[in-house]
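query_9.tsv, holding TSV, C-alpha atoms:
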chain	number	residue	atom	x	y	z
R	599	MET	CA	117.17	22.84	-180.18
R	600	ASN	CA	116.67	24.87	-176.98
R	601	ARG	CA	113.96	23.85	-174.53
R	602	THR	CA	113.10	25.11	-171.06
R	603	VAL	CA	112.31	22.79	-168.19
R	604	LEU	CA	108.58	22.21	-168.03
R	605	LEU	CA	106.28	20.82	-165.36
R	606	LEU	CA	102.91	19.86	-166.78
R	607	LEU	CA	100.20	17.55	-165.52
R	608	VAL	CA	98.18	15.96	-168.27
R	609	ALA	CA	95.36	13.44	-168.32
R	610	VAL	CA	95.53	10.98	-171.20
R	611	LEU	CA	92.00	10.36	-172.47
R	612	ALA	CA	90.22	7.14	-171.62
R	613	PRO	CA	90.13	4.06	-173.84
R	614	ALA	CA	86.56	4.75	-174.91
R	615	VAL	CA	87.83	7.79	-176.78
R	616	PHE	CA	91.19	6.71	-178.16
R	617	GLY	CA	91.37	2.94	-177.55
R	618	ALA	CA	94.30	3.19	-175.11
R	619	ALA	CA	94.73	0.31	-172.71
R	620	CYS	CA	94.07	2.37	-169.56
R	621	LEU	CA	93.69	5.85	-168.12
R	622	ALA	CA	97.15	7.26	-167.38
R	623	VAL	CA	98.31	10.37	-165.60
R	624	VAL	CA	101.48	11.74	-167.14
R	625	LEU	CA	104.00	14.08	-165.58
R	626	VAL	CA	106.50	15.75	-167.90
R	627	PHE	CA	109.71	16.16	-165.91
R	628	ALA	CA	112.03	17.93	-168.31
R	629	ILE	CA	113.07	18.53	-171.88
R	630	HIS	CA	116.83	18.67	-172.28
R	631	ASP	CA	118.99	20.17	-175.01
R	632	SER	CA	120.52	16.69	-175.47
R	633	GLY	CA	117.28	15.52	-177.07
R	634	MET	CA	116.42	13.10	-174.26
R	635	HIS	CA	113.02	13.59	-172.63
R	636	LYS	CA	111.46	12.06	-169.53
R	637	LEU	CA	107.84	11.20	-168.82
R	638	ALA	CA	106.13	9.44	-165.94
R	639	VAL	CA	103.37	7.07	-167.04
R	640	ASN	CA	101.31	5.58	-164.21
R	641	GLY	CA	104.16	6.47	-161.84
R	642	VAL	CA	106.89	4.84	-163.96
R	643	GLU	CA	109.60	7.06	-165.44
R	644	ARG	CA	110.06	6.58	-169.19
R	645	THR	CA	112.41	8.21	-171.68
R	646	TYR	CA	112.44	9.08	-175.36
R	647	TYR	CA	114.78	10.76	-177.82
R	648	LEU	CA	113.53	13.66	-179.94
R	649	TYR	CA	114.82	15.25	-183.12
R	650	VAL	CA	113.20	18.37	-184.58
R	651	PRO	CA	114.68	19.85	-187.77
R	652	ASP	CA	115.74	23.51	-187.59
R	653	GLN	CA	113.06	26.09	-188.30
R	654	LEU	CA	110.34	23.47	-188.53
R	655	PRO	CA	106.92	25.16	-188.41
R	656	SER	CA	104.04	24.02	-186.24
R	657	GLY	CA	101.78	21.39	-187.77
R	658	ALA	CA	104.54	19.04	-188.95
R	659	PRO	CA	104.05	15.24	-189.09
R	660	LEU	CA	105.46	12.97	-186.37
R	661	VAL	CA	107.29	9.67	-186.93
R	662	ILE	CA	107.84	7.42	-183.90
R	663	MET	CA	110.64	4.87	-184.42
R	664	LEU	CA	110.50	1.83	-182.10
R	665	HIS	CA	113.80	0.01	-181.58
R	666	GLY	CA	114.43	-3.70	-181.48
R	667	TYR	CA	115.44	-5.90	-178.53
R	668	GLY	CA	118.48	-4.59	-176.69
R	669	SER	CA	118.69	-1.26	-178.51
R	670	ASP	CA	117.30	2.19	-177.60
R	671	GLY	CA	115.42	5.03	-179.24
R	672	ARG	CA	118.32	7.40	-179.83
R	673	ALA	CA	120.43	4.68	-181.45
R	674	VAL	CA	117.83	3.65	-184.04
R	675	VAL	CA	116.82	7.21	-184.89
R	676	ARG	CA	120.44	8.04	-185.63
R	677	ASP	CA	121.68	4.71	-187.03
R	678	PHE	CA	118.70	4.24	-189.36
R	679	GLY	CA	119.08	7.75	-190.79
R	680	TRP	CA	115.84	9.19	-189.47
R	681	GLU	CA	117.39	12.56	-188.64
R	682	THR	CA	118.54	13.01	-192.23
R	683	GLU	CA	115.15	11.91	-193.50
R	684	ALA	CA	113.38	14.26	-191.08
R	685	ASP	CA	115.42	17.18	-192.42
R	686	ARG	CA	114.52	16.17	-195.96
R	687	GLY	CA	110.84	15.43	-195.31
R	688	ARG	CA	110.28	18.19	-192.70
R	689	PHE	CA	108.87	16.13	-189.88
R	690	VAL	CA	109.50	15.44	-186.18
R	691	VAL	CA	110.98	12.08	-185.20
R	692	ALA	CA	110.92	10.46	-181.75
R	693	GLY	CA	112.66	7.33	-180.49
R	694	PRO	CA	111.06	5.97	-177.28
R	695	ASP	CA	112.95	3.56	-175.01
R	696	ALA	CA	111.36	0.23	-174.13
R	697	SER	CA	111.41	-1.17	-170.59
R	698	ARG	CA	114.12	-3.48	-169.33
R	699	THR	CA	113.46	-7.10	-168.44
R	700	PHE	CA	114.30	-6.38	-164.79
R	701	PRO	CA	113.37	-2.76	-164.05
R	702	GLY	CA	115.71	-1.09	-161.57
R	703	ALA	CA	118.44	-3.70	-161.98
R	704	THR	CA	121.82	-3.06	-163.57
R	705	PRO	CA	121.67	-2.95	-167.38
R	706	ASP	CA	123.59	-5.89	-168.89
R	707	ARG	CA	123.17	-8.54	-171.59
R	708	ARG	CA	120.48	-10.28	-169.52
R	709	ASN	CA	118.64	-7.05	-168.74
R	710	ARG	CA	117.98	-5.46	-172.10
R	711	ARG	CA	115.15	-3.35	-173.41
R	712	SER	CA	112.12	-4.97	-175.06
R	713	TRP	CA	108.54	-3.97	-175.84
R	714	ASN	CA	105.37	-5.39	-174.33
R	715	ALA	CA	104.05	-6.28	-177.78
R	716	GLY	CA	101.70	-9.08	-176.78
R	717	VAL	CA	104.06	-11.86	-177.86
R	718	ALA	CA	103.80	-14.85	-175.50
R	719	GLY	CA	106.72	-15.46	-173.17
R	720	GLU	CA	107.95	-11.90	-172.58
R	721	ALA	CA	110.36	-12.11	-169.66
R	722	GLY	CA	110.34	-10.32	-166.32
R	723	GLY	CA	108.79	-6.88	-166.03
R	724	VAL	CA	108.23	-6.35	-169.74
R	725	GLU	CA	104.81	-8.02	-169.72
R	726	HIS	CA	103.65	-5.49	-167.10
R	727	SER	CA	104.96	-2.43	-168.93
R	728	ASP	CA	102.26	-0.01	-170.13
R	729	ASP	CA	103.86	0.61	-173.50
R	730	VAL	CA	100.60	1.57	-175.21
R	731	GLY	CA	100.02	4.25	-172.57
R	732	PHE	CA	103.63	5.39	-172.97
R	733	ILE	CA	103.33	5.94	-176.73
R	734	VAL	CA	100.03	7.79	-176.23
R	735	ALA	CA	101.84	10.00	-173.70
R	736	VAL	CA	104.67	10.70	-176.15
R	737	ILE	CA	102.19	11.75	-178.84
R	738	ASP	CA	100.33	14.04	-176.44
R	739	ASP	CA	103.58	15.52	-175.10
R	740	LEU	CA	104.79	16.38	-178.59
R	741	ALA	CA	101.40	17.75	-179.64
R	742	ARG	CA	101.65	20.24	-176.77
R	743	ASN	CA	105.31	21.15	-177.03
R	744	THR	CA	106.12	20.96	-180.74
R	745	GLY	CA	102.67	21.42	-182.28
R	746	ILE	CA	102.74	18.24	-184.39
R	747	ASP	CA	99.80	17.47	-186.65
R	748	ARG	CA	97.78	14.80	-184.83
R	749	ARG	CA	96.32	13.67	-188.17
R	750	ARG	CA	99.79	12.68	-189.41
R	751	VAL	CA	101.30	10.51	-186.68
R	752	TYR	CA	103.19	7.45	-187.96
R	753	VAL	CA	104.92	4.55	-186.24
R	754	ALA	CA	107.86	2.55	-187.58
R	755	GLY	CA	109.32	-0.42	-185.76
R	756	PHE	CA	112.05	-3.01	-186.16
R	757	SER	CA	111.91	-6.54	-184.71
R	758	SER	CA	110.44	-6.22	-181.18
R	759	GLY	CA	109.63	-2.61	-182.08
R	760	GLY	CA	107.74	-3.75	-185.16
R	761	GLN	CA	105.69	-6.13	-183.04
R	762	MET	CA	104.87	-3.19	-180.77
R	763	ALA	CA	103.93	-1.10	-183.82
R	764	SER	CA	101.48	-3.82	-184.83
R	765	ARG	CA	99.92	-3.77	-181.36
R	766	LEU	CA	99.58	0.00	-181.49
R	767	GLY	CA	97.91	-0.25	-184.89
R	768	GLN	CA	95.21	-2.38	-183.32
R	769	GLU	CA	94.79	-0.62	-179.97
R	770	ILE	CA	95.14	3.07	-180.91
R	771	ALA	CA	94.21	2.96	-184.60
R	772	GLY	CA	92.36	6.25	-184.23
R	773	ARG	CA	95.62	8.05	-183.45
R	774	LEU	CA	97.90	6.58	-186.15
R	775	ALA	CA	97.84	7.39	-189.85
R	776	ALA	CA	100.12	4.51	-190.98
R	777	ILE	CA	102.64	1.93	-189.76
R	778	SER	CA	105.89	0.44	-191.09
R	779	MET	CA	107.00	-2.76	-189.38
R	780	SER	CA	110.05	-4.81	-190.30
R	781	ALA	CA	111.28	-8.28	-189.30
R	782	SER	CA	108.42	-8.57	-186.84
R	783	GLN	CA	105.64	-10.80	-185.61
R	784	VAL	CA	101.94	-9.94	-185.78
R	785	VAL	CA	99.75	-10.80	-182.80
R	786	VAL	CA	96.01	-10.33	-183.29
R	787	PHE	CA	94.30	-8.89	-180.23
R	788	PRO	CA	90.68	-9.61	-179.20
R	789	ARG	CA	89.44	-6.12	-180.10
R	790	PRO	CA	89.84	-5.31	-183.82
R	791	PRO	CA	91.23	-1.92	-184.84
R	792	SER	CA	88.64	0.85	-184.98
R	793	ARG	CA	89.61	1.70	-188.56
R	794	GLY	CA	91.66	0.35	-191.44
R	795	VAL	CA	95.35	1.08	-190.85
R	796	PRO	CA	97.83	1.38	-193.75
R	797	ILE	CA	100.58	-1.20	-193.12
R	798	LEU	CA	104.02	-1.60	-194.68
R	799	PHE	CA	105.46	-5.01	-193.72
R	800	SER	CA	109.06	-5.74	-194.73
R	801	ALA	CA	111.59	-8.46	-194.02
R	802	GLY	CA	114.70	-10.02	-195.51
R	803	ASP	CA	114.87	-13.39	-197.23
R	804	LEU	CA	117.99	-14.28	-195.16
R	805	ASP	CA	116.51	-13.28	-191.80
R	806	PRO	CA	117.12	-16.12	-189.31
R	807	VAL	CA	114.71	-14.61	-186.78
R	808	THR	CA	111.82	-13.93	-189.19
R	809	PRO	CA	112.23	-16.67	-191.83
R	810	VAL	CA	110.27	-16.36	-195.07
R	811	GLU	CA	108.56	-19.74	-194.75
R	812	GLY	CA	108.48	-19.88	-190.96
R	813	SER	CA	110.25	-22.44	-188.80
R	814	ARG	CA	111.62	-23.15	-185.36
R	815	VAL	CA	114.36	-20.62	-184.63
R	816	GLU	CA	117.51	-21.59	-182.73
R	817	LEU	CA	119.67	-18.70	-181.50
R	818	PRO	CA	122.88	-19.01	-179.44
R	819	GLY	CA	122.25	-18.73	-175.71
R	820	ALA	CA	118.46	-18.52	-176.02
R	821	PRO	CA	115.54	-20.97	-175.92
R	822	SER	CA	114.23	-22.01	-179.33
R	823	PHE	CA	110.94	-20.55	-180.55
R	824	VAL	CA	108.62	-20.88	-183.54
R	825	ARG	CA	108.22	-18.11	-186.11
R	826	GLU	CA	105.40	-18.04	-188.65
R	827	ALA	CA	105.80	-17.45	-192.38
R	828	HIS	CA	105.83	-13.93	-193.79
R	829	ARG	CA	102.65	-14.61	-195.73
R	830	THR	CA	100.82	-15.70	-192.57
R	831	LEU	CA	101.88	-12.51	-190.79
R	832	VAL	CA	100.95	-10.19	-193.66
R	833	ASP	CA	97.62	-11.97	-194.14
R	834	ARG	CA	96.69	-11.14	-190.54
R	835	TRP	CA	96.79	-7.44	-191.32
R	836	ARG	CA	95.02	-8.01	-194.62
R	837	MET	CA	92.24	-9.64	-192.60
R	838	LEU	CA	92.17	-6.84	-190.03
R	839	ASP	CA	92.02	-4.21	-192.77
R	840	GLY	CA	89.46	-6.08	-194.90
R	841	CYS	CA	91.73	-6.17	-197.94
R	842	PRO	CA	91.26	-7.75	-201.36
R	843	ALA	CA	93.72	-10.30	-202.75
R	844	ALA	CA	97.32	-9.13	-203.10
R	845	HIS	CA	99.02	-8.47	-206.41
R	846	ARG	CA	102.63	-7.83	-207.35
R	847	VAL	CA	103.72	-4.37	-208.40
R	848	PRO	CA	106.94	-3.12	-210.06
R	849	SER	CA	109.71	-2.99	-207.48
R	850	PRO	CA	113.35	-1.97	-207.03
R	851	LYS	CA	116.08	-4.47	-207.86
R	852	ASP	CA	116.41	-7.34	-205.36
R	853	THR	CA	112.97	-6.77	-203.88
R	854	ILE	CA	109.53	-8.30	-204.36
R	855	VAL	CA	106.56	-6.06	-203.55
R	856	GLU	CA	102.95	-7.18	-203.11
R	857	VAL	CA	100.07	-4.77	-202.48
R	858	SER	CA	96.55	-5.31	-201.18
R	859	ALA	CA	94.31	-2.30	-201.86
R	860	PRO	CA	91.94	-0.62	-201.52
R	861	CYS	CA	91.25	-1.84	-197.98
R	862	ARG	CA	88.95	-0.55	-195.23
R	863	ASN	CA	88.90	3.26	-194.87
R	864	GLY	CA	91.16	3.63	-197.88
R	865	SER	CA	94.01	1.75	-196.21
R	866	GLU	CA	96.55	-0.56	-197.84
R	867	VAL	CA	98.76	-3.49	-196.86
R	868	ARG	CA	102.12	-3.54	-198.64
R	869	TYR	CA	104.66	-6.37	-198.28
R	870	ILE	CA	108.31	-5.95	-199.29
R	871	LEU	CA	110.58	-9.00	-199.40
R	872	MET	CA	114.16	-7.72	-199.41
R	873	GLN	CA	116.56	-10.15	-201.06
R	874	GLY	CA	120.00	-10.67	-199.51
R	875	VAL	CA	118.91	-9.05	-196.22
R	876	ALA	CA	119.24	-10.70	-192.81
R	877	HIS	CA	117.74	-9.46	-189.51
R	878	GLU	CA	118.34	-5.77	-190.14
R	879	TRP	CA	116.83	-2.44	-191.16
R	880	PRO	CA	118.67	-1.65	-194.42
R	881	THR	CA	119.56	1.94	-195.27
R	882	ASN	CA	121.30	1.22	-198.56
R	883	HIS	CA	120.92	-2.15	-200.28
R	884	PRO	CA	118.54	-3.21	-201.69
R	885	ILE	CA	116.52	-0.21	-200.44
R	886	ASN	CA	116.74	2.57	-197.91
R	887	LEU	CA	113.91	1.34	-195.69
R	888	THR	CA	113.80	4.63	-193.80
R	889	ARG	CA	113.10	6.57	-196.98
R	890	VAL	CA	110.70	3.92	-198.28
R	891	SER	CA	108.80	4.07	-194.98
R	892	TRP	CA	108.51	7.86	-195.11
R	893	GLU	CA	107.36	7.78	-198.74
R	894	PHE	CA	104.69	5.28	-197.67
R	895	PHE	CA	103.69	7.32	-194.61
R	896	LYS	CA	103.21	10.64	-196.34
R	897	ARG	CA	100.48	9.22	-198.58
R	898	PHE	CA	98.17	8.80	-195.58
R	899	SER	CA	96.48	11.08	-193.08
R	900	LEU	CA	93.67	10.63	-190.58
Now, as a test, write the supplied structure out as structure tokens.
Amino acid sequence: MNRTVLLLLVAVLAPAVFGAACLAVVLVFAIHDSGMHKLAVNGVERTYYLYVPDQLPSGAPLVIMLHGYGSDGRAVVRDFGWETEADRGRFVVAGPDASRTFPGATPDRRNRRSWNAGVAGEAGGVEHSDDVGFIVAVIDDLARNTGIDRRRVYVAGFSSGGQMASRLGQEIAGRLAAISMSASQVVVFPRPPSRGVPILFSAGDLDPVTPVEGSRVELPGAPSFVREAHRTLVDRWRMLDGCPAAHRVPSPKDTIVEVSAPCRNGSEVRYILMQGVAHEWPTNHPINLTRVSWEFFKRFSL
């Protein structure tokens, strides 16, 4: 995809309008043929990867895929099969890069990328990163330059990225049509979402980081921490969305699916327990979570 270098100064609307955390001034530095884009948000340079299918008309949906701890946007878009799914579903897909624990320092195993998702104990500079403002800036940038349909903007996230997706669902609910979060925590923020947000929550029954019943998690080389049960996490979004009791629905082999609907503003909370799956985003067995997420997304629009 060919793009010319652009210099644009854009004001991101205030929180009273869109629920963003703060007023940010965004400078678009350049759009490169490699697919990597740069933005400055409140004076901090941020990057994201972009894939646009060939001959895609204006008005296409946008999917934003948020990576997990230590990964990056381009890796998860490609490794999780989002480019193939974008070609099939005819939508734009973006993979933003989270901030590093120690901004400006050399990237290494102690200085990896993570999202400011509101989870207690985020290390170093991550807790000061304006990630909500960054995602708002990405949406606005793509609305200008690719003509995406603002009514059909979706966010998917894995692990730390799923936690960030949950935060976005609460803070900029008026901009997002639906969310898919996997192997993630759910932090409830003081201000409830402005509307009901369709949520797909998934996790594996062998996930040591997001255990089904919740427990203290011990990982090599890291302090232990407590993770809550899947049901506790899903119930938080059921509460936020004002949902009725959940019920099981027919599901693919080696999965259990529970649905709460109809919820506020016609939203839905769907929980998929994937059997035989550890801390991962499956693209084959027992389901292709990328395809399942897109099939969920396309049912909803602002």
Check your understanding: Which neighbours of Met663 in chain R fall inside 8 Å, counting only C-alpha atoms, when residues of the same chain fewer than 3 positions from it are skipped, and could you give them as a VMD selection string?
Key -> chain R and resid 671 674 to 675 691 to 694 753 to 755 759
Check your understanding: Using all atoms listed in the file, which of R:Phe678, R:Phe756, R:Trp713, R:Phe732 sits nearest Lys636 in chain R?
Key ->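 Checking each candidate against Lys636 in chain R, we get R:Phe732 as the closest.
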Give me, as a tab-separated table, the closest atom pair and its distance (Å, one decimal) for every residue of range 829-854 of chain R within a cut-off of 8 Å of range 870-873 of chain R, counting all atoms listed in the file, rows sorted by chain and rising number.
residue	atom	partner	partner_atom	distance
R:Asp852	CA	R:Gln873	CA	5.1
R:Thr853	CA	R:Met872	CA	4.7
R:Ile854	CA	R:Leu871	CA	5.1
Restricted to C-alpha atoms, what would the selected residues look like written as a short mmCIF file (atom, residue, chain, number, x, y, z; two decimals), keeping the file's coordinate frame?
data_model
loop_
_atom_site.label_atom_id
_atom_site.label_comp_id
_atom_site.auth_asym_id
_atom_site.auth_seq_id
_atom_site.Cartn_x
_atom_site.Cartn_y
_atom_site.Cartn_z
CA ASP R 852 116.41 -7.34 -205.36
CA THR R 853 112.97 -6.77 -203.88
CA ILE R 854 109.53 -8.30 -204.36
#
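What separates CA of Val642 in chain R from CA of Asp729 in chain R is a distance of 10.9 Å.
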Study note, to complete from the structure: Residue with the minimum atom-to-atom distance to His877 in chain R, picked from R:Ser782, R:Arg789, R:Phe895, R:Leu838 with only C-alpha atoms counted, is R:Ser782
Practice item. Using only C-alpha atoms, collect all residues at a distance of at most 12 Å from (112.7, 21.7, -189.5) as written in the file, then present them as a PyMOL selection string. Key: chain R and resi 599+649-660+681-691+744+746
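Note that the spacing between CA of Ser792 in chain R and CA of Val639 in chain R amounts to 24.0 Å.
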Study note, to complete from the structure: What separates CA of Arg889 in chain R and CA of Arg793 in chain R is a distance of 25.4 Å
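Using only C-alpha atoms, the contacts of Ser899 in chain R at a cut-off of 9 Å, with sequence neighbours closer than 2 positions omitted, comprise Arg749, Arg750, Val751, Leu774, Ala775, Ala776, Phe895, Lys896 and Arg897 of chain R.
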Review point. From the list R:Arg765, R:Ala876, R:Val867, R:Ala844, which residue is nearest Val810 in chain R when using only C-alpha atoms?
Key: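 Once distances to Val810 in chain R are computed over only C-alpha atoms, the minimum belongs to R:Ala876.
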Point to revise | Using all atoms listed in the file: which of R:Ser669, R:Ser727, R:Thr699, R:Asn714 has the shortest distance to Gly641 in chain R | key: R:Ser727
